[in-house]
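Asker: Enclosed is the structure file data.txt (compact mmCIF, C-alpha atoms).
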# COMPACT_ATOMS: atom_id res chain seq x y z
CA MET C 1 17.98 12.35 111.98
CA PHE C 2 20.34 9.48 112.81
CA VAL C 3 19.29 7.50 115.85
CA ASN C 4 22.91 7.31 117.07
CA ASP C 5 26.50 7.97 115.91
CA ARG C 6 27.04 4.37 114.94
CA LEU C 7 24.04 4.28 112.58
CA HIS C 8 25.17 7.65 111.19
CA GLN C 9 28.53 6.15 110.18
CA GLN C 10 26.85 3.09 108.66
CA ILE C 11 24.41 5.20 106.63
CA GLN C 12 27.25 7.44 105.41
CA PHE C 13 29.05 4.30 104.18
CA LEU C 14 25.89 3.02 102.45
CA ARG C 15 25.54 6.39 100.74
CA GLU C 16 29.21 6.50 99.69
CA ILE C 17 29.07 3.08 98.01
CA ASP C 18 26.15 4.19 95.80
CA ASP C 19 28.99 5.39 93.54
CA LEU C 20 29.94 1.79 92.68
CA LYS C 21 27.00 1.96 90.24
CA GLN C 22 28.95 4.52 88.21
CA ILE C 23 32.20 2.58 87.76
CA LEU C 24 32.09 1.13 84.24
CA ARG C 25 33.74 -2.11 83.17
CA GLN C 26 34.85 -3.25 79.71
CA THR C 27 32.36 -6.11 79.52
CA VAL C 28 28.94 -5.34 78.05
CA LEU C 29 25.44 -6.64 78.81
CA THR C 30 24.26 -9.50 76.62
CA LYS C 31 21.20 -7.66 75.25
CA ASP C 32 21.73 -3.95 74.74
CA LYS C 33 25.56 -4.10 74.73
CA ARG C 34 26.01 -1.18 77.12
CA GLN C 35 28.96 -1.38 79.50
CA GLU C 36 28.30 -3.19 82.76
CA ASN C 37 29.03 -1.34 86.00
CA ASP C 38 30.68 -2.69 89.15
CA ALA C 39 27.47 -2.88 91.22
CA GLU C 40 25.74 -5.01 88.57
CA HIS C 41 28.86 -7.13 88.23
CA SER C 42 29.03 -7.67 92.02
CA TRP C 43 25.37 -8.70 92.12
CA HIS C 44 25.89 -11.12 89.23
CA LEU C 45 28.92 -12.64 91.00
CA ALA C 46 26.83 -13.20 94.12
CA MET C 47 24.32 -15.09 91.97
CA LEU C 48 27.12 -17.24 90.50
CA VAL C 49 28.39 -18.02 94.02
CA MET C 50 24.89 -19.11 95.12
CA ILE C 51 24.10 -21.20 92.05
CA LEU C 52 27.53 -22.74 91.37
CA SER C 53 29.01 -23.30 94.86
CA GLU C 54 28.73 -27.09 94.44
CA TYR C 55 31.65 -26.86 91.98
CA SER C 56 34.08 -25.35 94.49
CA ASN C 57 37.12 -27.65 94.86
CA ASP C 58 36.54 -27.36 98.59
CA THR C 59 32.87 -28.29 98.95
CA SER C 60 32.72 -27.11 102.55
CA ILE C 61 33.39 -23.42 101.85
CA ASP C 62 31.65 -20.83 104.01
CA LEU C 63 29.05 -19.48 101.59
CA LEU C 64 28.21 -16.39 103.66
CA ARG C 65 31.86 -15.26 103.76
CA THR C 66 32.24 -15.95 100.04
CA LEU C 67 29.13 -13.88 99.25
CA LYS C 68 30.33 -11.00 101.42
CA MET C 69 33.68 -11.08 99.61
CA VAL C 70 32.22 -10.83 96.10
CA LEU C 71 29.75 -8.14 97.19
CA ILE C 72 32.51 -5.85 98.54
CA HIS C 73 35.55 -6.81 96.41
CA ASP C 74 35.18 -3.97 93.88
CA LEU C 75 34.35 -1.12 96.28
CA VAL C 76 38.01 0.02 96.07
CA GLU C 77 37.33 0.91 92.43
CA ILE C 78 35.18 3.86 93.57
CA ASP C 79 38.54 5.58 94.15
CA ALA C 80 40.95 3.47 92.10
CA GLY C 81 38.83 2.94 88.97
CA ASP C 82 38.40 -0.24 86.96
CA THR C 83 41.50 -1.66 85.30
CA PHE C 84 40.79 -3.80 82.22
CA CYS C 85 42.39 -7.14 83.06
CA TYR C 86 44.34 -7.24 79.77
CA ASP C 87 45.75 -3.72 80.28
CA GLU C 88 49.38 -4.28 81.38
CA GLN C 89 50.18 -0.59 81.97
CA GLY C 90 46.98 0.06 83.91
CA ARG C 91 48.07 -2.56 86.43
CA ASP C 92 51.10 -0.43 87.48
CA GLY C 93 50.48 0.90 90.97
CA LYS C 94 47.06 -0.79 91.09
CA VAL C 95 47.79 -2.63 94.35
CA GLU C 96 48.81 0.55 96.17
CA ARG C 97 45.89 2.60 94.79
CA GLU C 98 43.42 -0.08 95.82
CA ARG C 99 44.87 -0.49 99.30
CA GLU C 100 44.54 3.23 99.96
CA ALA C 101 40.98 3.13 98.64
CA ALA C 102 40.07 0.21 100.91
CA HIS C 103 41.33 2.12 103.94
CA ARG C 104 39.47 5.30 103.04
CA ILE C 105 36.15 3.65 102.16
CA PHE C 106 35.91 1.03 104.91
CA SER C 107 37.06 3.55 107.54
CA ILE C 108 33.72 5.34 107.14
CA LEU C 109 32.25 2.37 109.07
CA PRO C 110 32.39 1.87 112.87
CA SER C 111 35.82 0.48 113.80
CA GLU C 112 35.01 -3.24 114.15
CA GLN C 113 33.10 -3.25 110.84
CA PHE C 114 36.01 -1.36 109.25
CA GLN C 115 38.31 -4.20 110.40
CA GLU C 116 35.89 -6.95 109.29
CA TYR C 117 35.52 -5.61 105.75
CA LEU C 118 39.18 -4.67 105.34
CA ASP C 119 40.08 -8.23 106.38
CA LEU C 120 37.55 -9.67 103.91
CA TRP C 121 38.90 -7.51 101.08
CA GLU C 122 42.48 -8.54 101.90
CA GLU C 123 41.42 -12.19 102.04
CA PHE C 124 39.89 -11.86 98.56
CA GLU C 125 43.02 -10.19 97.19
CA ALA C 126 45.41 -12.77 98.70
CA MET C 127 43.49 -15.61 97.01
CA GLU C 128 44.75 -18.17 99.52
CA THR C 129 41.65 -19.44 101.36
CA PRO C 130 39.18 -21.78 99.58
CA GLU C 131 36.52 -19.04 99.83
CA ALA C 132 38.77 -16.44 98.19
CA GLN C 133 39.83 -18.91 95.50
CA PHE C 134 36.22 -19.73 94.64
CA ALA C 135 35.27 -16.03 94.71
CA ALA C 136 38.17 -15.27 92.35
CA ALA C 137 37.05 -18.12 90.07
CA VAL C 138 33.52 -16.75 89.63
CA ASP C 139 35.00 -13.24 89.19
CA ARG C 140 36.68 -14.65 86.05
CA VAL C 141 33.86 -16.89 84.83
CA GLN C 142 31.26 -14.08 84.79
CA PRO C 143 33.07 -11.82 82.26
CA LEU C 144 33.85 -14.89 80.12
CA LEU C 145 30.10 -15.56 79.96
CA LEU C 146 29.28 -11.95 79.10
CA ASN C 147 31.99 -11.93 76.44
CA LEU C 148 30.67 -15.11 74.84
CA TYR C 149 27.05 -13.93 74.92
CA SER C 150 27.94 -10.48 73.53
CA GLU C 151 29.80 -12.08 70.61
CA GLY C 152 33.23 -11.23 72.04
CA HIS C 153 32.48 -7.51 72.29
CA ALA C 154 35.26 -6.52 74.75
CA TRP C 155 37.78 -9.02 73.29
CA LYS C 156 37.30 -7.69 69.75
CA LYS C 157 37.41 -4.06 70.86
CA HIS C 158 40.78 -4.57 72.56
CA GLY C 159 42.22 -7.19 70.15
CA VAL C 160 42.59 -9.77 72.92
CA ASN C 161 43.86 -13.22 71.90
CA LYS C 162 43.33 -16.73 73.22
CA SER C 163 46.67 -17.11 75.01
CA GLN C 164 46.04 -13.88 76.94
CA VAL C 165 42.64 -15.17 78.03
CA ILE C 166 44.13 -18.51 79.11
CA GLU C 167 46.93 -16.73 81.00
CA ARG C 168 44.57 -14.36 82.82
CA ASN C 169 41.98 -17.00 83.69
CA HIS C 170 43.79 -20.23 84.46
CA HIS C 171 43.64 -19.53 88.21
CA ILE C 172 39.93 -20.45 87.96
CA ALA C 173 41.25 -24.02 88.45
CA LYS C 174 42.43 -23.16 91.97
CA GLY C 175 38.85 -22.41 92.99
CA SER C 176 37.05 -24.91 90.78
CA LYS C 177 38.40 -27.59 88.44
CA VAL C 178 34.91 -28.05 86.95
CA LEU C 179 34.50 -24.35 86.15
CA TRP C 180 37.99 -24.24 84.63
CA GLU C 181 37.08 -27.16 82.36
CA PHE C 182 33.92 -25.26 81.36
CA ALA C 183 35.88 -22.02 80.87
CA GLN C 184 38.37 -23.74 78.55
CA ASN C 185 35.51 -25.15 76.49
CA LEU C 186 33.97 -21.67 76.36
CA ILE C 187 37.27 -20.13 75.20
CA ASN C 188 37.61 -22.73 72.44
CA GLU C 189 34.02 -22.12 71.39
CA ALA C 190 34.70 -18.36 71.28
CA VAL C 191 37.69 -18.95 68.99
CA LYS C 192 35.57 -21.21 66.75
CA ARG C 193 32.89 -18.53 66.45
CA GLY C 194 35.46 -15.85 65.60
CA TYR C 195 34.96 -13.87 68.84
CA LEU C 196 38.56 -14.39 69.95
CA ILE C 197 41.82 -14.39 67.98
CA ASP C 198 43.76 -17.68 68.03
CA GLU C 199 47.25 -16.36 67.18
CA MET D 1 30.75 -26.74 75.80
CA PHE D 2 28.86 -27.44 79.01
CA VAL D 3 30.51 -30.08 81.16
CA ASN D 4 27.12 -31.66 81.96
CA ASP D 5 23.35 -30.99 81.62
CA ARG D 6 23.09 -29.66 85.14
CA LEU D 7 25.77 -27.01 84.58
CA HIS D 8 24.10 -26.17 81.25
CA GLN D 9 20.83 -25.35 83.04
CA GLN D 10 22.63 -23.30 85.68
CA ILE D 11 24.56 -21.28 83.07
CA GLN D 12 21.35 -20.66 81.09
CA PHE D 13 19.78 -19.27 84.26
CA LEU D 14 22.81 -17.06 84.95
CA ARG D 15 22.57 -15.74 81.39
CA GLU D 16 18.82 -15.14 81.65
CA ILE D 17 19.13 -13.04 84.80
CA ASP D 18 21.59 -10.67 83.12
CA ASP D 19 18.37 -8.91 82.04
CA LEU D 20 17.72 -7.73 85.61
CA LYS D 21 20.30 -5.01 84.80
CA GLN D 22 17.83 -3.54 82.31
CA ILE D 23 14.79 -3.20 84.58
CA LEU D 24 14.62 0.45 85.61
CA ARG D 25 13.20 1.73 88.90
CA GLN D 26 11.82 5.16 89.79
CA THR D 27 14.58 5.96 92.28
CA VAL D 28 17.68 7.68 90.93
CA LEU D 29 21.37 7.50 91.85
CA THR D 30 22.60 10.15 94.29
CA LYS D 31 25.23 11.60 91.95
CA ASP D 32 24.19 11.61 88.30
CA LYS D 33 20.44 11.21 88.92
CA ARG D 34 19.99 8.45 86.35
CA GLN D 35 17.40 5.77 87.20
CA GLU D 36 18.66 2.86 89.24
CA ASN D 37 18.13 -0.65 87.86
CA ASP D 38 17.07 -3.77 89.74
CA ALA D 39 20.51 -5.44 89.75
CA GLU D 40 22.12 -2.37 91.33
CA HIS D 41 19.24 -2.10 93.80
CA SER D 42 19.61 -5.80 94.75
CA TRP D 43 23.35 -5.36 95.31
CA HIS D 44 22.74 -2.28 97.46
CA LEU D 45 20.14 -4.17 99.54
CA ALA D 46 22.66 -6.95 100.16
CA MET D 47 25.07 -4.32 101.48
CA LEU D 48 22.37 -2.92 103.79
CA VAL D 49 21.65 -6.43 105.10
CA MET D 50 25.36 -6.98 105.84
CA ILE D 51 25.99 -3.60 107.48
CA LEU D 52 22.69 -3.13 109.36
CA SER D 53 21.73 -6.67 110.48
CA GLU D 54 22.39 -5.75 114.14
CA TYR D 55 19.16 -3.67 114.00
CA SER D 56 16.91 -6.60 113.09
CA ASN D 57 14.24 -7.02 115.78
CA ASP D 58 15.23 -10.67 115.81
CA THR D 59 18.99 -10.51 116.32
CA SER D 60 19.47 -14.19 115.53
CA ILE D 61 18.30 -14.02 111.89
CA ASP D 62 19.99 -16.30 109.35
CA LEU D 63 22.11 -13.78 107.46
CA LEU D 64 22.85 -16.11 104.53
CA ARG D 65 19.15 -16.75 103.86
CA THR D 66 18.38 -13.03 104.21
CA LEU D 67 21.11 -12.18 101.70
CA LYS D 68 19.88 -14.79 99.23
CA MET D 69 16.37 -13.37 99.52
CA VAL D 70 17.33 -9.78 98.72
CA LEU D 71 19.60 -10.92 95.88
CA ILE D 72 16.80 -12.83 94.11
CA HIS D 73 13.64 -10.96 95.21
CA ASP D 74 13.37 -8.78 92.09
CA LEU D 75 14.16 -11.42 89.43
CA VAL D 76 10.42 -11.74 88.75
CA GLU D 77 10.51 -8.19 87.39
CA ILE D 78 12.44 -9.44 84.34
CA ASP D 79 9.02 -10.60 83.13
CA ALA D 80 6.61 -8.57 85.27
CA GLY D 81 8.39 -5.19 85.18
CA ASP D 82 8.91 -2.77 88.05
CA THR D 83 5.79 -1.29 89.65
CA PHE D 84 6.35 2.07 91.36
CA CYS D 85 5.27 1.50 94.95
CA TYR D 86 2.93 4.53 94.94
CA ASP D 87 1.21 3.43 91.70
CA GLU D 88 -2.15 1.99 92.84
CA GLN D 89 -3.28 0.89 89.36
CA GLY D 90 0.05 -0.76 88.52
CA ARG D 91 -0.44 -3.04 91.51
CA ASP D 92 -3.52 -4.67 89.93
CA GLY D 93 -2.63 -8.21 88.91
CA LYS D 94 0.94 -7.73 90.14
CA VAL D 95 0.86 -10.81 92.40
CA GLU D 96 -0.28 -13.10 89.59
CA ARG D 97 2.19 -11.68 87.04
CA GLU D 98 5.05 -12.09 89.50
CA ARG D 99 4.11 -15.63 90.46
CA GLU D 100 4.11 -16.70 86.82
CA ALA D 101 7.45 -14.99 86.33
CA ALA D 102 8.96 -16.77 89.35
CA HIS D 103 7.89 -20.13 87.94
CA ARG D 104 9.27 -19.43 84.48
CA ILE D 105 12.60 -17.98 85.59
CA PHE D 106 13.48 -20.35 88.45
CA SER D 107 12.40 -23.38 86.40
CA ILE D 108 15.44 -22.85 84.17
CA LEU D 109 17.46 -24.22 87.13
CA PRO D 110 17.84 -27.91 88.05
CA SER D 111 14.74 -29.04 89.94
CA GLU D 112 15.99 -28.84 93.54
CA GLN D 113 17.46 -25.37 92.96
CA PHE D 114 14.18 -24.34 91.30
CA GLN D 115 12.39 -25.38 94.50
CA GLU D 116 14.94 -23.69 96.79
CA TYR D 117 14.70 -20.31 95.05
CA LEU D 118 10.94 -20.43 94.53
CA ASP D 119 10.59 -21.12 98.27
CA LEU D 120 12.92 -18.22 99.10
CA TRP D 121 10.99 -15.86 96.83
CA GLU D 122 7.69 -16.94 98.39
CA GLU D 123 9.16 -16.51 101.87
CA PHE D 124 10.18 -12.95 100.96
CA GLU D 125 6.74 -12.15 99.56
CA ALA D 126 4.87 -13.58 102.57
CA MET D 127 6.86 -11.34 104.95
CA GLU D 128 6.25 -13.64 107.91
CA THR D 129 9.67 -14.96 108.96
CA PRO D 130 12.11 -12.64 110.77
CA GLU D 131 14.47 -12.93 107.76
CA ALA D 132 11.75 -11.88 105.30
CA GLN D 133 10.66 -9.03 107.58
CA PHE D 134 14.20 -7.69 107.84
CA ALA D 135 14.73 -8.12 104.07
CA ALA D 136 11.48 -6.20 103.43
CA ALA D 137 12.61 -3.47 105.85
CA VAL D 138 15.90 -2.81 104.01
CA ASP D 139 13.99 -3.00 100.69
CA ARG D 140 12.09 0.09 101.94
CA VAL D 141 14.96 1.89 103.65
CA GLN D 142 17.22 1.87 100.57
CA PRO D 143 14.86 3.89 98.28
CA LEU D 144 14.17 6.29 101.19
CA LEU D 145 17.92 6.95 101.36
CA LEU D 146 18.21 7.44 97.59
CA ASN D 147 15.21 9.76 97.63
CA LEU D 148 16.66 11.88 100.42
CA TYR D 149 20.11 12.06 98.81
CA SER D 150 18.67 12.90 95.37
CA GLU D 151 16.64 15.78 96.87
CA GLY D 152 13.36 13.88 96.62
CA HIS D 153 13.71 13.27 92.87
CA ALA D 154 11.16 10.40 92.52
CA TRP D 155 8.79 11.87 95.14
CA LYS D 156 8.66 15.25 93.40
CA LYS D 157 8.28 13.68 89.95
CA HIS D 158 5.23 11.69 91.07
CA GLY D 159 3.81 14.24 93.55
CA VAL D 160 4.07 11.79 96.45
CA ASN D 161 3.07 13.09 99.90
CA LYS D 162 4.17 12.28 103.44
CA SER D 163 1.13 10.19 104.42
CA GLN D 164 1.63 7.94 101.37
CA VAL D 165 5.27 7.41 102.35
CA ILE D 166 4.31 6.59 105.95
CA GLU D 167 1.58 4.19 104.74
CA ARG D 168 3.88 2.35 102.30
CA ASN D 169 6.83 2.12 104.68
CA HIS D 170 5.51 1.57 108.17
CA HIS D 171 6.05 -2.20 107.88
CA ILE D 172 9.78 -1.43 108.27
CA ALA D 173 8.95 -1.61 112.02
CA LYS D 174 8.13 -5.32 111.70
CA GLY D 175 11.71 -6.01 110.62
CA SER D 176 13.48 -3.33 112.62
CA LYS D 177 12.15 -0.85 115.16
CA VAL D 178 15.46 1.08 115.03
CA LEU D 179 15.35 1.43 111.25
CA TRP D 180 11.71 2.54 111.40
CA GLU D 181 12.64 5.24 113.93
CA PHE D 182 15.42 6.35 111.55
CA ALA D 183 13.05 6.21 108.55
CA GLN D 184 10.49 8.43 110.30
CA ASN D 185 13.22 10.96 111.11
CA LEU D 186 14.34 10.82 107.48
CA ILE D 187 10.77 11.41 106.23
CA ASN D 188 10.37 14.43 108.55
CA GLU D 189 13.73 15.77 107.38
CA ALA D 190 12.60 15.34 103.74
CA VAL D 191 9.45 17.35 104.45
CA LYS D 192 11.51 20.08 106.18
CA ARG D 193 13.80 20.33 103.17
CA GLY D 194 10.86 20.55 100.77
CA TYR D 195 11.53 17.17 99.09
CA LEU D 196 8.19 15.74 100.16
CA ILE D 197 4.72 17.30 100.37
CA ASP D 198 3.19 17.47 103.86
CA GLU D 199 -0.48 17.75 102.92
Give the structure from this file in structure tokens form.

Answerer:
Amino acid sequence: MFVNDRLHQQIQFLREIDDLKQILRQTVLTKDKRQENDAEHSWHLAMLVMILSEYSNDTSIDLLRTLKMVLIHDLVEIDAGDTFCYDEQGRDGKVEREREAAHRIFSILPSEQFQEYLDLWEEFEAMETPEAQFAAAVDRVQPLLLNLYSEGHAWKKHGVNKSQVIERNHHIAKGSKVLWEFAQNLINEAVKRGYLIDE
Amino acid sequence: MFVNDRLHQQIQFLREIDDLKQILRQTVLTKDKRQENDAEHSWHLAMLVMILSEYSNDTSIDLLRTLKMVLIHDLVEIDAGDTFCYDEQGRDGKVEREREAAHRIFSILPSEQFQEYLDLWEEFEAMETPEAQFAAAVDRVQPLLLNLYSEGHAWKKHGVNKSQVIERNHHIAKGSKVLWEFAQNLINEAVKRGYLIDE
């Protein structure tokens, strides 16, 4: 059925990653309040990258590389699962679990694509390049938006407070000062509306 | 809360399109057989574009524009709904409904972004540029894969036969001769396994 071995490997990879649609996150959709999954989240991030790239601190970022990064950054969760960002215990061993997952999943691809996507995933995780910093910024802004528009659903469920949200999100500023200003306004608004505890 | 009017418009758009996650398609996921939604489908298409672009008939396609196209191509379905590609009646008035939807949804954006995304959507629909032809090809290959890996779930449910699948998918060849060769093999394999009727 496969025209050649290379296409066979690529199709196997594209089948494997169908499972990203079954990894549930803590954030919920704005309308029906069901939990978002990682594939939907990755698509939404790509839309944020496209629409908001003008606010990157570095205005000359490579948009294609940034898009690729957000589209693949959560694939490791097919094996490692989603860790709620305010779950301190869940973060134990997360780095190791995710690194193993990246090697298993990307190694389904032909070798030079394996290397390309492993490098991209590591670039995202290291958060050192302007592209990775902007990708990480939108990866924080998107759940803030969903939390605000779902009346603080995930925050209330887990008793999250303002200082935790500030602590977990302040690196948005590394990717975008404008989006961090917006995020701080959003957090204050969420406190005002009673969606978030201001201890 | 919004730093400026422009960001306000962009955030409103990013909130509006959260609804793409609630538009269900006829294809089902390979593992739990629930219906796929348009956001998941759009993410999966972006992955196909990234992994399979070497098979585009035109090997110098602009990958960034192709990715943008597949990421936004289904937004019109937030208003117009998903039409099953083998539903002849459902296609009546589809073009007009989708055009109105594109205008409403993209017009939430600042004017030059409205124009950029409306142009991209129209480029996708016209299927004339090499980018649009490759985007349209992966938009057909992805449901073929899901149908094969879900044992022909959507085909069986709607009593679809081989000649209908050939008719609806042969334009894959315009974007990629290699992927069309693969798709034909896949269709024959589906018939052999009893997933698809060979009338």

Asker: Taking only C-alpha atoms into account, which residues of chain D are within 8 Å of chain C, as a ChimeraX atom specification?

Answerer: /D:1-3,10,14-15,18-19,21,29-31,39-40,42-44,46-48,50-52,63-64,68,71,113,145,178,181-182,185-186,189

Asker: Within 9 Å of Phe114 (chain C), counting all atoms listed in the file, which residues qualify if same-chain residues fewer than 6 places away don't, as a PyMOL selection string?

Answerer: chain C and resi 103+105-108

Asker: Please provide as a PyMOL selection string all residues within 8 Å of Asp198 (chain D), with the sequence filter that same-chain residues fewer than 4 positions apart are discarded (counting only C-alpha atoms).

Answerer: chain D and resi 161-163+191

Asker: Rank nothing, just name the residue among D:Val49, D:Gln9, D:Glu77, D:Ala173 nearest to Leu24 (chain D), using all atoms listed in the file.

Answerer: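 Between D:Val49, D:Gln9, D:Glu77, D:Ala173, the residue approaching Leu24 (chain D) most closely is D:Glu77.
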
Asker: For Glu122 (chain C), which residue out of C:Val76, C:Gln89, C:Ala154, C:Gln164 is the nearest one, using all atoms listed in the file?

Answerer: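 Nearest candidate to Glu122 (chain C) out of C:Val76, C:Gln89, C:Ala154, C:Gln164: C:Val76.
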
Asker: Could you jot down the CA of Met69 (chain C) to CA of Leu118 (chain C) separation for me, Å, one decimal place?

Answerer: 10.2 Å

Asker: When distances are computed from only C-alpha atoms, which of C:Lys33, C:Thr59, C:Glu167, C:Phe134 shows the smallest separation from Ser150 (chain C)?

Answerer: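 Answer, going by the shortest atom-to-atom distance: C:Lys33.
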
Asker: Closest to Tyr86 (chain D) among D:Ser60, D:Gln35, D:Asn169, D:Gln133, using all atoms listed in the file?

Answerer: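 Of all the options, D:Asn169 lies closest to Tyr86 (chain D).
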
Asker: Have a look at CA of Thr66 (chain D) and CA of Ala135 (chain D) and let me know their distance in Å, one decimal.

Answerer: 6.1 Å

Asker: Could you tell me how far CA of Arg97 (chain D) lies from CA of Asp79 (chain D), in Å and to one decimal?

Answerer: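 These atoms are spaced 7.9 Å apart.
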
Asker: Taking all atoms listed in the file into account, name the residue in C:Asp58, C:His153, C:Glu125, C:Arg6 that is nearest to Ser111 (chain C).

Answerer: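 Result for the nearest residue to Ser111 (chain C): C:Arg6.
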